[in-house]
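Quick look at start.tsv (TSV, C-alpha atoms and all ligand atoms):
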```tsv
chain	number	residue	atom	x	y	z
A	87	MET	CA	80.07	104.24	101.87
A	88	ARG	CA	79.03	104.43	98.18
A	89	ILE	CA	81.64	102.82	95.95
A	90	LEU	CA	81.90	102.89	92.17
A	91	VAL	CA	83.21	99.63	90.72
A	92	THR	CA	84.21	99.87	87.05
A	93	GLY	CA	84.31	96.59	85.14
A	94	ALA	CA	81.77	95.29	87.66
A	95	ALA	CA	80.41	92.64	85.29
A	96	GLY	CA	83.85	91.16	84.71
A	97	PHE	CA	85.55	88.33	86.54
A	98	ILE	CA	87.22	90.22	89.39
A	99	GLY	CA	84.66	93.06	89.38
A	100	SER	CA	81.69	90.79	89.97
A	101	HIS	CA	83.36	89.17	92.98
A	102	VAL	CA	84.25	92.58	94.43
A	103	ALA	CA	80.73	93.91	93.83
A	104	GLU	CA	79.18	90.96	95.66
A	105	ALA	CA	81.57	91.35	98.60
A	106	LEU	CA	80.88	95.08	98.97
A	107	LEU	CA	77.13	94.52	98.98
A	108	ALA	CA	77.46	91.60	101.40
A	109	ARG	CA	79.25	93.77	103.93
A	110	GLY	CA	76.68	96.56	103.66
A	111	ASP	CA	78.27	99.10	101.30
A	112	ALA	CA	76.26	100.84	98.59
A	113	MET	CA	77.69	99.90	95.21
A	114	VAL	CA	77.51	101.56	91.83
A	115	GLY	CA	78.49	99.24	88.98
A	116	LEU	CA	79.68	100.36	85.55
A	117	ASP	CA	80.49	98.10	82.62
A	118	ASN	CA	80.16	98.30	78.84
A	119	PHE	CA	79.69	94.52	78.40
A	120	ASN	CA	82.07	94.53	75.45
A	121	ASP	CA	82.45	91.40	73.36
A	122	TYR	CA	86.14	90.67	73.99
A	123	TYR	CA	84.58	87.57	75.50
A	124	ASP	CA	80.93	86.51	75.39
A	125	PRO	CA	78.85	89.34	76.95
A	126	ALA	CA	76.35	86.69	78.09
A	127	ARG	CA	78.96	85.63	80.67
A	128	LYS	CA	79.19	89.19	81.93
A	129	HIS	CA	75.41	89.48	82.16
A	130	ALA	CA	75.40	86.24	84.15
A	131	ASN	CA	78.14	87.61	86.43
A	132	ALA	CA	76.18	90.81	87.02
A	133	ALA	CA	72.94	88.91	87.60
A	134	ALA	CA	74.48	87.63	90.84
A	135	PHE	CA	74.23	91.10	92.42
A	136	ARG	CA	72.60	93.77	90.25
A	137	GLU	CA	69.11	93.37	91.73
A	138	HIS	CA	70.46	93.97	95.25
A	139	PRO	CA	68.69	97.04	96.71
A	140	ALA	CA	72.02	98.74	97.50
A	141	CYS	CA	73.27	98.33	93.92
A	142	THR	CA	72.83	100.75	91.03
A	143	PHE	CA	74.10	99.48	87.71
A	144	TYR	CA	75.08	101.50	84.64
A	145	GLU	CA	75.77	100.03	81.23
A	146	GLY	CA	78.30	102.48	79.82
A	147	ASP	CA	81.81	103.14	78.68
A	148	ILE	CA	84.60	104.67	80.75
A	149	ARG	CA	85.61	106.61	77.60
A	150	ASP	CA	82.27	108.46	77.55
A	151	LEU	CA	83.15	111.56	79.54
A	152	GLU	CA	79.65	113.02	79.45
A	153	ALA	CA	78.08	109.83	80.78
A	154	LEU	CA	80.77	109.58	83.46
A	155	GLU	CA	80.08	113.12	84.56
A	156	ALA	CA	76.35	112.41	84.82
A	157	LEU	CA	77.08	109.27	86.83
A	158	PHE	CA	79.39	111.07	89.27
A	159	GLU	CA	76.95	113.97	89.59
A	160	ARG	CA	74.11	111.61	90.45
A	161	GLU	CA	75.90	109.01	92.55
A	162	ARG	CA	78.72	110.98	94.24
A	163	PRO	CA	80.80	107.87	95.01
A	164	ALA	CA	83.16	108.23	97.97
A	165	ALA	CA	85.58	105.71	96.44
A	166	VAL	CA	86.36	104.17	93.07
A	167	ILE	CA	87.59	100.63	92.44
A	168	HIS	CA	88.75	100.86	88.85
A	169	LEU	CA	88.87	97.42	87.24
A	170	ALA	CA	87.48	98.11	83.75
A	171	ALA	CA	90.16	97.49	81.14
A	172	MET	CA	91.28	95.55	78.15
A	173	ALA	CA	93.11	92.94	80.16
A	174	ALA	CA	94.80	90.26	78.06
A	175	VAL	CA	98.53	90.51	77.26
A	176	ARG	CA	98.64	88.64	73.95
A	177	TYR	CA	95.54	90.34	72.50
A	178	SER	CA	97.26	93.68	73.09
A	179	VAL	CA	100.05	92.69	70.72
A	180	LYS	CA	97.53	92.86	67.85
A	181	HIS	CA	95.31	95.65	69.23
A	182	PRO	CA	97.59	98.21	70.89
A	183	LEU	CA	95.45	101.22	69.89
A	184	LEU	CA	92.39	99.78	71.62
A	185	TYR	CA	94.44	99.19	74.78
A	186	GLU	CA	95.73	102.74	74.79
A	187	ASP	CA	92.22	104.08	74.26
A	188	VAL	CA	90.42	102.05	76.93
A	189	ASN	CA	93.14	101.72	79.54
A	190	VAL	CA	94.87	105.10	79.36
A	191	ARG	CA	92.11	107.45	78.25
A	192	GLY	CA	89.45	105.66	80.32
A	193	THR	CA	91.61	105.76	83.45
A	194	LEU	CA	92.46	109.43	82.94
A	195	TYR	CA	88.76	110.29	82.65
A	196	LEU	CA	88.06	108.46	85.91
A	197	LEU	CA	90.93	110.18	87.70
A	198	GLU	CA	89.60	113.51	86.49
A	199	MET	CA	86.12	112.66	87.79
A	200	ALA	CA	87.65	111.55	91.09
A	201	ARG	CA	89.36	114.92	91.42
A	202	ARG	CA	86.28	116.94	90.50
A	203	TYR	CA	83.93	115.00	92.76
A	204	ASP	CA	86.21	114.72	95.82
A	205	VAL	CA	86.62	110.96	95.76
A	206	GLN	CA	88.35	109.79	98.96
A	207	LYS	CA	90.06	106.71	97.61
A	208	PHE	CA	90.99	105.43	94.15
A	209	VAL	CA	91.89	101.74	93.88
A	210	LEU	CA	93.56	101.03	90.54
A	211	ALA	CA	93.96	97.57	89.00
A	212	SER	CA	97.45	97.06	87.64
A	213	THR	CA	99.32	93.92	86.74
A	214	SER	CA	102.37	91.77	87.44
A	215	SER	CA	103.12	92.18	83.71
A	216	VAL	CA	104.62	95.61	84.43
A	217	TYR	CA	107.71	93.77	85.75
A	218	GLY	CA	108.46	92.53	82.22
A	219	ALA	CA	111.21	89.93	81.82
A	220	THR	CA	113.02	90.79	85.04
A	221	THR	CA	115.25	88.03	86.42
A	222	LYS	CA	115.13	89.48	89.93
A	223	ILE	CA	112.68	87.38	91.93
A	224	PRO	CA	110.45	87.65	93.81
A	225	PHE	CA	109.14	90.92	92.32
A	226	GLN	CA	109.10	93.89	94.70
A	227	GLU	CA	107.05	97.02	94.20
A	228	ASP	CA	110.09	99.28	93.74
A	229	ASP	CA	111.77	97.04	91.14
A	230	PRO	CA	112.22	98.63	87.69
A	231	THR	CA	109.06	98.49	85.56
A	232	ASP	CA	110.28	100.37	82.52
A	233	LYS	CA	110.70	97.47	80.09
A	234	PRO	CA	107.18	96.12	79.38
A	235	LEU	CA	106.93	93.21	76.94
A	236	ALA	CA	103.64	94.33	75.31
A	237	ALA	CA	101.22	97.24	74.99
A	238	TYR	CA	99.00	95.94	77.81
A	239	PRO	CA	101.55	96.36	80.62
A	240	ALA	CA	102.79	99.58	79.03
A	241	THR	CA	99.26	101.04	79.28
A	242	LYS	CA	98.88	99.81	82.86
A	243	LYS	CA	102.18	101.45	83.78
A	244	ALA	CA	100.86	104.66	82.21
A	245	CYS	CA	97.78	104.36	84.47
A	246	GLU	CA	100.01	103.98	87.53
A	247	LEU	CA	101.91	107.13	86.54
A	248	LEU	CA	98.76	109.17	85.84
A	249	ALA	CA	97.34	108.14	89.21
A	250	HIS	CA	100.56	109.32	90.83
A	251	ALA	CA	100.22	112.71	89.16
A	252	TYR	CA	96.67	113.05	90.54
A	253	HIS	CA	97.90	112.10	93.98
A	254	HIS	CA	100.75	114.59	93.79
A	255	LEU	CA	98.76	117.50	92.40
A	256	HIS	CA	95.35	116.96	93.99
A	257	GLY	CA	96.00	114.81	97.06
A	258	LEU	CA	93.98	111.88	95.69
A	259	SER	CA	94.49	108.79	97.86
A	260	VAL	CA	95.55	105.94	95.54
A	261	ALA	CA	96.17	102.23	95.97
A	262	VAL	CA	97.74	100.63	92.89
A	263	LEU	CA	97.25	96.88	93.01
A	264	ARG	CA	99.41	94.67	90.82
A	265	PHE	CA	97.41	91.47	90.44
A	266	PHE	CA	99.18	88.18	89.70
A	267	ASN	CA	97.40	85.58	87.50
A	268	VAL	CA	94.01	85.63	89.18
A	269	TYR	CA	91.76	82.57	88.78
A	270	GLY	CA	88.64	81.03	90.28
A	271	PRO	CA	84.90	80.68	89.62
A	272	ARG	CA	83.68	83.03	86.82
A	273	GLY	CA	87.29	83.11	85.62
A	274	ARG	CA	87.97	84.74	82.27
A	275	PRO	CA	87.42	82.29	79.40
A	276	ASP	CA	90.58	83.49	77.64
A	277	MET	CA	92.86	82.65	80.58
A	278	THR	CA	94.87	79.44	80.94
A	279	PRO	CA	92.92	77.85	83.81
A	280	TYR	CA	89.78	78.04	81.68
A	281	THR	CA	91.23	77.19	78.25
A	282	PHE	CA	93.31	74.26	79.54
A	283	THR	CA	90.47	72.79	81.61
A	284	GLU	CA	88.05	73.10	78.69
A	285	SER	CA	90.47	71.56	76.16
A	286	ILE	CA	91.48	68.70	78.45
A	287	LEU	CA	87.84	67.83	79.15
A	288	GLN	CA	87.01	67.95	75.43
A	289	GLY	CA	90.05	65.87	74.39
A	290	ARG	CA	91.55	68.77	72.44
A	291	PRO	CA	95.28	69.63	72.54
A	292	ILE	CA	96.70	72.36	74.76
A	293	THR	CA	99.78	74.39	73.89
A	294	LEU	CA	102.56	74.42	76.47
A	295	PHE	CA	105.19	77.10	76.03
A	296	ALA	CA	108.92	76.53	76.61
A	297	GLU	CA	108.40	72.82	77.45
A	298	GLY	CA	106.14	73.77	80.36
A	299	THR	CA	109.01	75.41	82.28
A	300	PRO	CA	107.53	78.91	82.87
A	301	HIS	CA	106.36	79.58	86.44
A	302	ARG	CA	103.22	81.48	87.35
A	303	ASP	CA	102.18	82.89	90.71
A	304	TRP	CA	98.47	81.96	90.57
A	305	THR	CA	96.24	83.93	92.95
A	306	TYR	CA	92.83	82.66	93.96
A	307	ILE	CA	90.04	85.22	93.48
A	308	GLN	CA	89.06	85.18	97.16
A	309	ASP	CA	92.57	86.36	98.10
A	310	THR	CA	92.63	89.05	95.40
A	311	ARG	CA	89.22	90.25	96.55
A	312	ALA	CA	90.36	90.43	100.18
A	313	GLY	CA	93.38	92.49	99.10
A	314	ILE	CA	91.19	94.90	97.12
A	315	LEU	CA	88.86	95.47	100.08
A	316	ALA	CA	91.81	95.96	102.45
A	317	ALA	CA	93.31	98.53	100.07
A	318	LEU	CA	89.95	100.29	99.92
A	319	ASP	CA	89.65	100.42	103.70
A	320	THR	CA	93.24	101.41	104.59
A	321	PRO	CA	94.10	105.13	104.60
A	322	LEU	CA	96.98	105.66	102.15
A	323	GLY	CA	98.69	108.42	100.20
A	324	TYR	CA	99.93	106.78	97.00
A	325	GLU	CA	101.04	103.16	97.41
A	326	ILE	CA	101.69	100.25	95.06
A	327	PHE	CA	101.06	96.68	96.25
A	328	ASN	CA	101.72	93.26	94.78
A	329	LEU	CA	98.71	91.01	95.30
A	330	GLY	CA	99.94	87.52	94.47
A	331	CYS	CA	100.09	84.16	96.16
A	332	SER	CA	103.90	84.37	96.47
A	333	ARG	CA	104.27	80.76	95.39
A	334	PRO	CA	105.07	80.29	91.69
A	335	VAL	CA	104.19	76.90	90.22
A	336	VAL	CA	105.79	75.44	87.10
A	337	MET	CA	103.32	75.09	84.19
A	338	ARG	CA	103.90	71.31	83.88
A	339	ARG	CA	102.63	70.90	87.45
A	340	PHE	CA	99.68	73.18	86.70
A	341	VAL	CA	98.64	70.81	83.88
A	342	GLU	CA	99.09	67.75	86.13
A	343	LEU	CA	96.64	69.26	88.62
A	344	ILE	CA	93.98	69.71	85.94
A	345	GLU	CA	94.58	66.13	84.74
A	346	GLU	CA	94.14	64.88	88.29
A	347	TYR	CA	90.93	66.85	88.95
A	348	THR	CA	89.30	66.10	85.59
A	349	GLY	CA	90.48	62.49	85.43
A	350	ARG	CA	91.65	63.10	81.81
A	351	ARG	CA	95.08	63.12	80.19
A	352	ALA	CA	96.17	66.30	78.44
A	353	ILE	CA	97.21	66.18	74.79
A	354	ILE	CA	100.19	68.51	74.77
A	355	GLU	CA	101.60	70.48	71.87
A	356	HIS	CA	104.75	72.46	72.39
A	357	ALA	CA	105.61	75.96	71.24
A	358	PRO	CA	108.20	78.60	72.06
A	359	LEU	CA	107.34	81.21	74.68
A	360	PRO	CA	105.70	84.21	72.96
A	361	PRO	CA	107.87	87.34	73.20
A	362	SER	CA	105.07	89.09	75.11
A	363	ASP	CA	105.24	86.56	77.98
A	364	PRO	CA	107.75	86.43	80.88
A	365	MET	CA	109.29	83.15	82.10
A	366	VAL	CA	108.30	83.79	85.70
A	367	THR	CA	105.80	85.74	87.76
A	368	TYR	CA	106.51	85.75	91.49
A	369	ALA	CA	105.11	88.30	93.96
A	370	ASP	CA	106.83	89.45	97.09
A	371	VAL	CA	103.73	90.31	99.13
A	372	SER	CA	105.48	91.50	102.28
A	373	LYS	CA	104.42	95.13	101.73
A	374	ALA	CA	100.75	94.16	101.32
A	375	ARG	CA	101.07	91.87	104.35
A	376	ARG	CA	102.56	94.65	106.46
A	377	MET	CA	100.35	97.56	105.38
A	378	LEU	CA	97.08	95.86	104.40
A	379	GLY	CA	97.10	92.69	106.50
A	380	TYR	CA	96.92	90.78	103.19
A	381	GLU	CA	97.53	87.05	103.47
A	382	PRO	CA	97.08	84.60	100.58
A	383	THR	CA	95.13	81.65	101.93
A	384	VAL	CA	94.25	79.41	98.95
A	385	GLN	CA	97.11	77.46	97.36
A	386	LEU	CA	96.93	76.31	93.75
A	387	GLU	CA	96.13	72.68	94.63
A	388	GLU	CA	92.97	73.71	96.48
A	389	GLY	CA	92.13	76.63	94.18
A	390	MET	CA	92.28	74.56	90.99
A	391	ARG	CA	90.17	71.85	92.63
A	392	ARG	CA	87.52	74.50	93.32
A	393	PHE	CA	87.93	75.92	89.81
A	394	VAL	CA	87.42	72.53	88.12
A	395	ASP	CA	84.41	71.87	90.38
A	396	TRP	CA	82.92	75.19	89.26
A	397	PHE	CA	83.77	74.52	85.62
A	398	THR	CA	82.15	71.12	85.62
A	399	GLY	CA	79.15	72.37	87.58
A	400	CYS	CA	79.84	70.25	90.65
B	1	LIG	N1	92.51	88.36	85.85
B	1	LIG	C1	93.82	88.57	86.05
B	1	LIG	O1	94.60	87.62	86.23
B	1	LIG	C2	94.39	89.96	86.09
B	1	LIG	C3	95.77	90.11	86.29
B	1	LIG	C4	96.32	91.38	86.32
B	1	LIG	C5	95.50	92.49	86.20
B	1	LIG	N2	94.17	92.34	86.01
B	1	LIG	C6	93.34	93.56	85.88
B	1	LIG	O2	92.18	93.40	86.69
B	1	LIG	C7	91.07	94.07	86.09
B	1	LIG	C8	89.89	93.11	85.96
B	1	LIG	O3	90.30	92.02	85.16
B	1	LIG	P1	89.37	90.76	84.89
B	1	LIG	O4	90.25	89.57	84.80
B	1	LIG	O5	88.23	90.76	85.84
B	1	LIG	O6	88.88	91.08	83.39
B	1	LIG	P2	87.42	91.09	82.75
B	1	LIG	O7	87.66	91.33	81.29
B	1	LIG	O8	86.65	89.91	83.16
B	1	LIG	O9	86.76	92.38	83.39
B	1	LIG	C9	86.93	93.68	82.87
B	1	LIG	C10	85.55	94.29	82.68
B	1	LIG	O10	85.72	95.63	82.21
B	1	LIG	C11	84.73	95.89	81.24
B	1	LIG	N3	85.22	96.94	80.35
B	1	LIG	C12	86.23	96.85	79.45
B	1	LIG	N4	86.34	98.00	78.77
B	1	LIG	C13	85.40	98.84	79.27
B	1	LIG	C14	85.04	100.18	78.97
B	1	LIG	N5	85.64	100.86	78.01
B	1	LIG	N6	84.03	100.75	79.69
B	1	LIG	C15	83.39	100.05	80.65
B	1	LIG	N7	83.69	98.77	80.97
B	1	LIG	C16	84.69	98.17	80.29
B	1	LIG	C17	84.56	94.57	80.51
B	1	LIG	O11	83.30	94.47	79.84
B	1	LIG	C18	84.71	93.56	81.63
B	1	LIG	O12	83.46	93.18	82.17
B	1	LIG	C19	91.58	94.62	84.76
B	1	LIG	O13	91.94	95.97	84.95
B	1	LIG	C20	92.82	93.79	84.47
B	1	LIG	O14	93.74	94.47	83.66
B	1	LIG	C21	93.58	91.10	85.94
```

Target encoding structure tokens, full file:
Amino acid sequence: MRILVTGAAGFIGSHVAEALLARGDAMVGLDNFNDYYDPARKHANAAAFREHPACTFYEGDIRDLEALEALFERERPAAVIHLAAMAAVRYSVKHPLLYEDVNVRGTLYLLEMARRYDVQKFVLASTSSVYGATTKIPFQEDDPTDKPLAAYPATKKACELLAHAYHHLHGLSVAVLRFFNVYGPRGRPDMTPYTFTESILQGRPITLFAEGTPHRDWTYIQDTRAGILAALDTPLGYEIFNLGCSRPVVMRRFVELIEEYTGRRAIIEHAPLPPSDPMVTYADVSKARRMLGYEPTVQLEEGMRRFVDWFTGC
């Protein structure tokens, strides 16, 4: 099967691309290598797979409808794994127009291409952030998601809704995957695992919000990747799945793990929780378990050990 992966040079995209090629699929990668974080990292991510004979790689933008059309005409992908996005919550507070443009318009263009070119399956990256500041835990897929705390989750919710419309009107098979705090090798340099590990190793202070009491349901990349491939392979109409670890860990403990694995003490500065951030993320993964055979296998203790090993080049 020929599969288009958007955002293929990113953190999650590069792991998915490698896995598809390893199992024998033909893969078409698309990424615009934007400079939200250092494009050299993305080129390094893509270098891991782009010379593979079953890979075709396009440097381009999901907002370029003409280029998308040419790509679909040439490649005729049977499935799309749509990961390209502006992905950080706090950055969206200052750049909401960019998020609307990339996430909503870009996703709509891809859905339109999927309809026109008879794509069999559309896997859409969404986020745990759509649950907002809900106090009902763990989060279940049919919980209310109509009170986002920032533009980023609002745009992702819009993508979920647009995908539903394409399913309803055109029979497109859609898997919406709500990822929970994904981390691991090649992890995004703006995310906490990376920034805290880097600061602790360099003897610079880290900022802990709300006295380190927020909880996060960290998901190791290998588990997220397995969930994405299962969603790709499972026949579905329109379904939403939480892909988390289902084991939230308090931030203070998260810092202790990095201290243990780096052998350094953290210098901690405290700050209030930003209004864009929830106190807790916590996935109920029973639906993904039941319908996709998804099973998180790497707990934070092991995952952060592997992350610090990768970070330090061990
Ligand atoms: N990492 C997480 O914890 C997490 C959590 C929830 C949801 N997600 C979602 O998962 C997906 C992948 O996230 P990631 O962490 O790998 O982020 P990432 O930033 O590493 O990857 C996204 C990739 O998309 C590309 N991209 C952005 N705009 C583009 C455009 N207009 N055209 C073409 N390519 C474009 C970027 O260059 C980047 O390589 C995103 O949709 C994100 O919203 C991630």

Which residue, A:Tyr347, A:Phe225, A:Phe340, A:Phe119, has the smallest gap to Phe397 of chain A when you use all atoms listed in the file?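 That would be A:Tyr347, the residue with the smallest distance to Phe397 of chain A.
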
With a distance cut-off of 10 Å and only C-alpha atoms, select the neighbouring residues of Val114 of chain A, excluding the residue or stretch itself and same-chain residues fewer than 4 positions from it, and output the selection as a PyMOL selection string. chain A and resi 88-92+94+103+136+140-144+157+161-163+166

Surroundings of ligand LIG 1 (chain B) up to 7 Å, based on only C-alpha atoms and all ligand atoms, as number ranges by chain: A: 92-99, 116-120, 128, 146-149, 169-173, 188, 192, 211-214, 264-269, 274

Residue selection dump (C-alpha atoms) as a short mmCIF file (atom, residue, chain, number, x, y, z; two decimals), keeping the file's coordinate frame:
```cif
data_model
loop_
_atom_site.label_atom_id
_atom_site.label_comp_id
_atom_site.auth_asym_id
_atom_site.auth_seq_id
_atom_site.Cartn_x
_atom_site.Cartn_y
_atom_site.Cartn_z
CA THR A 92 84.21 99.87 87.05
CA GLY A 93 84.31 96.59 85.14
CA ALA A 94 81.77 95.29 87.66
CA ALA A 95 80.41 92.64 85.29
CA GLY A 96 83.85 91.16 84.71
CA PHE A 97 85.55 88.33 86.54
CA ILE A 98 87.22 90.22 89.39
CA GLY A 99 84.66 93.06 89.38
CA LEU A 116 79.68 100.36 85.55
CA ASP A 117 80.49 98.10 82.62
CA ASN A 118 80.16 98.30 78.84
CA PHE A 119 79.69 94.52 78.40
CA ASN A 120 82.07 94.53 75.45
CA LYS A 128 79.19 89.19 81.93
CA GLY A 146 78.30 102.48 79.82
CA ASP A 147 81.81 103.14 78.68
CA ILE A 148 84.60 104.67 80.75
CA ARG A 149 85.61 106.61 77.60
CA LEU A 169 88.87 97.42 87.24
CA ALA A 170 87.48 98.11 83.75
CA ALA A 171 90.16 97.49 81.14
CA MET A 172 91.28 95.55 78.15
CA ALA A 173 93.11 92.94 80.16
CA VAL A 188 90.42 102.05 76.93
CA GLY A 192 89.45 105.66 80.32
CA ALA A 211 93.96 97.57 89.00
CA SER A 212 97.45 97.06 87.64
CA THR A 213 99.32 93.92 86.74
CA SER A 214 102.37 91.77 87.44
CA ARG A 264 99.41 94.67 90.82
CA PHE A 265 97.41 91.47 90.44
CA PHE A 266 99.18 88.18 89.70
CA ASN A 267 97.40 85.58 87.50
CA VAL A 268 94.01 85.63 89.18
CA TYR A 269 91.76 82.57 88.78
CA ARG A 274 87.97 84.74 82.27
#
```

Rounded to one decimal place, report the atom CA of Gln288 of chain A-atom CA of Tyr306 of chain A distance in Å.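 Rounded to one decimal, the two atoms are 24.4 Å apart.
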
One decimal, in Å: what's the spacing between atom CA of Val366 of chain A and atom CA of Arg302 of chain A? 5.8 Å

Would you pick out the contacts of Met390 of chain A at 10 Å or less, using all atoms listed in the file, so that residues sharing its chain but fewer than 5 positions from it are not included, and give the list as a PDB file with C-alpha atoms, in the coordinates of the input?
```pdb
ATOM      1  CA  TYR A 269      91.760  82.570  88.780  1.00  0.00           C
ATOM      2  CA  GLY A 270      88.640  81.030  90.280  1.00  0.00           C
ATOM      3  CA  PRO A 271      84.900  80.680  89.620  1.00  0.00           C
ATOM      4  CA  PRO A 279      92.920  77.850  83.810  1.00  0.00           C
ATOM      5  CA  THR A 283      90.470  72.790  81.610  1.00  0.00           C
ATOM      6  CA  TRP A 304      98.470  81.960  90.570  1.00  0.00           C
ATOM      7  CA  TYR A 306      92.830  82.660  93.960  1.00  0.00           C
ATOM      8  CA  PHE A 340      99.680  73.180  86.700  1.00  0.00           C
ATOM      9  CA  LEU A 343      96.640  69.260  88.620  1.00  0.00           C
ATOM     10  CA  ILE A 344      93.980  69.710  85.940  1.00  0.00           C
ATOM     11  CA  TYR A 347      90.930  66.850  88.950  1.00  0.00           C
ATOM     12  CA  VAL A 384      94.250  79.410  98.950  1.00  0.00           C
ATOM     13  CA  GLN A 385      97.110  77.460  97.360  1.00  0.00           C
ATOM     14  CA  ASP A 395      84.410  71.870  90.380  1.00  0.00           C
ATOM     15  CA  TRP A 396      82.920  75.190  89.260  1.00  0.00           C
TER      16      TRP A 396
END
```

Return as a tab-separated table the residues of segment 141-229 of chain A lying at most 12 Å from segment 320-323 of chain A, together with the closest atom-to-atom pair for each and the distance in Å to one decimal, counting all atoms listed in the file, with rows in chain order and ascending residue number.
```
residue	atom	partner	partner_atom	distance
A:Ala165	CA	A:Pro321	CA	11.8
A:Gln206	CA	A:Pro321	CA	9.3
A:Lys207	CA	A:Pro321	CA	8.2
A:Phe208	CA	A:Leu322	CA	10.0
A:Val209	CA	A:Leu322	CA	10.5
```

Identify which of the residues A:Gly257, A:Pro182, A:Pro361, A:Gly218 lies closest to Val205 of chain A, counting only C-alpha atoms when measuring atom-to-atom distances. A:Gly257

For Gln308 of chain A, find every residue with an atom within 9 Å (counting only C-alpha atoms), except residues of its own chain fewer than 3 positions away, and show them as a ChimeraX atom specification. /A:101,270,305,311-313,382-384

Nearest-residue call for Asp124 of chain A, choices A:Thr193, A:Leu210, A:Leu318, A:Pro275, using only C-alpha atoms: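 Under the stated criterion, the closest residue is A:Pro275.
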
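Considering the residues A:Thr348, A:Asn189, A:Thr310, A:Ser372 and counting all atoms listed in the file, Lys242 of chain A has its shortest atom-to-atom contact with A:Asn189.
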
Quick check, in Å to one decimal: how far apart do atom CA of Ile307 of chain A and atom CA of Ala352 of chain A lie?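 Atom-to-atom, atom CA of Ile307 of chain A to atom CA of Ala352 of chain A, that is 24.9 Å.
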
Which polymer residues have any atom within 7 Å of an atom of segment 247-250 of chain A, counting all atoms listed in the file, with same-chain residues fewer than 6 positions away left out, as a list in words? Leu194, Leu197, Val260 and Tyr324 of chain A

Next, the residues of the selection above should be written as a PDB file, in the coordinates of the input with C-alpha atoms.
```pdb
ATOM      1  CA  LEU A 194      92.460 109.430  82.940  1.00  0.00           C
ATOM      2  CA  LEU A 197      90.930 110.180  87.700  1.00  0.00           C
ATOM      3  CA  VAL A 260      95.550 105.940  95.540  1.00  0.00           C
ATOM      4  CA  TYR A 324      99.930 106.780  97.000  1.00  0.00           C
TER       5      TYR A 324
END
```

Every residue with an atom at most 7 Å from (110.7, 91.6, 77.4) (file coordinates; all atoms listed in the file) is what I'm after, so could you write them as an mmCIF file with C-alpha atoms, in the coordinates of the input?
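Listed below is the output, selection-v3.cif:
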```
data_model
loop_
_atom_site.group_PDB
_atom_site.id
_atom_site.type_symbol
_atom_site.label_atom_id
_atom_site.label_comp_id
_atom_site.auth_asym_id
_atom_site.auth_seq_id
_atom_site.Cartn_x
_atom_site.Cartn_y
_atom_site.Cartn_z
ATOM 1 C CA GLY A 218 108.460 92.530 82.220
ATOM 2 C CA ALA A 219 111.210 89.930 81.820
ATOM 3 C CA LYS A 233 110.700 97.470 80.090
ATOM 4 C CA PRO A 234 107.180 96.120 79.380
ATOM 5 C CA LEU A 235 106.930 93.210 76.940
ATOM 6 C CA PRO A 361 107.870 87.340 73.200
ATOM 7 C CA SER A 362 105.070 89.090 75.110
ATOM 8 C CA PRO A 364 107.750 86.430 80.880
#
```

Counting all atoms listed in the file, closest pick from A:Gly379, A:Pro358, A:Gly349, A:Pro139 relative to Leu315 of chain A is A:Gly379

Choose the residue, out of A:Arg391, A:His356, A:His129, A:Lys222, that has the smallest atom-to-atom separation from Gly298 of chain A; count only C-alpha atoms.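 Looking at the shortest contact to Gly298 of chain A, the residue is A:His356.
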
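Once Lys180 of chain A and its same-chain neighbours fewer than 6 positions away are set aside, Ala174, Ala236, Ala237, Tyr238 and Ser362 of chain A remain within 12 Å of it when counting only C-alpha atoms.
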
Supply segment 125-133 of chain A as a tab-separated table (two decimals), in the frame of the given file, with N, CA and C atoms built in where the input has gaps.
```tsv
chain	number	residue	atom	x	y	z
A	125	PRO	N	79.55	88.46	76.00
A	125	PRO	CA	78.85	89.34	76.95
A	125	PRO	C	77.82	88.59	77.79
A	126	ALA	N	77.33	87.46	77.29
A	126	ALA	CA	76.35	86.69	78.09
A	126	ALA	C	76.98	86.27	79.43
A	127	ARG	N	78.28	85.97	79.41
A	127	ARG	CA	78.96	85.63	80.67
A	127	ARG	C	78.94	86.80	81.63
A	128	LYS	N	79.15	87.99	81.08
A	128	LYS	CA	79.19	89.19	81.93
A	128	LYS	C	77.80	89.49	82.49
A	129	HIS	N	76.77	89.28	81.65
A	129	HIS	CA	75.41	89.48	82.16
A	129	HIS	C	75.12	88.47	83.27
A	130	ALA	N	75.60	87.26	83.10
A	130	ALA	CA	75.40	86.24	84.15
A	130	ALA	C	76.17	86.64	85.41
A	131	ASN	N	77.38	87.15	85.25
A	131	ASN	CA	78.14	87.61	86.43
A	131	ASN	C	77.37	88.69	87.17
A	132	ALA	N	76.86	89.66	86.40
A	132	ALA	CA	76.18	90.81	87.02
A	132	ALA	C	74.85	90.40	87.64
A	133	ALA	N	74.24	89.36	87.08
A	133	ALA	CA	72.94	88.91	87.60
A	133	ALA	C	73.06	88.48	89.06
```
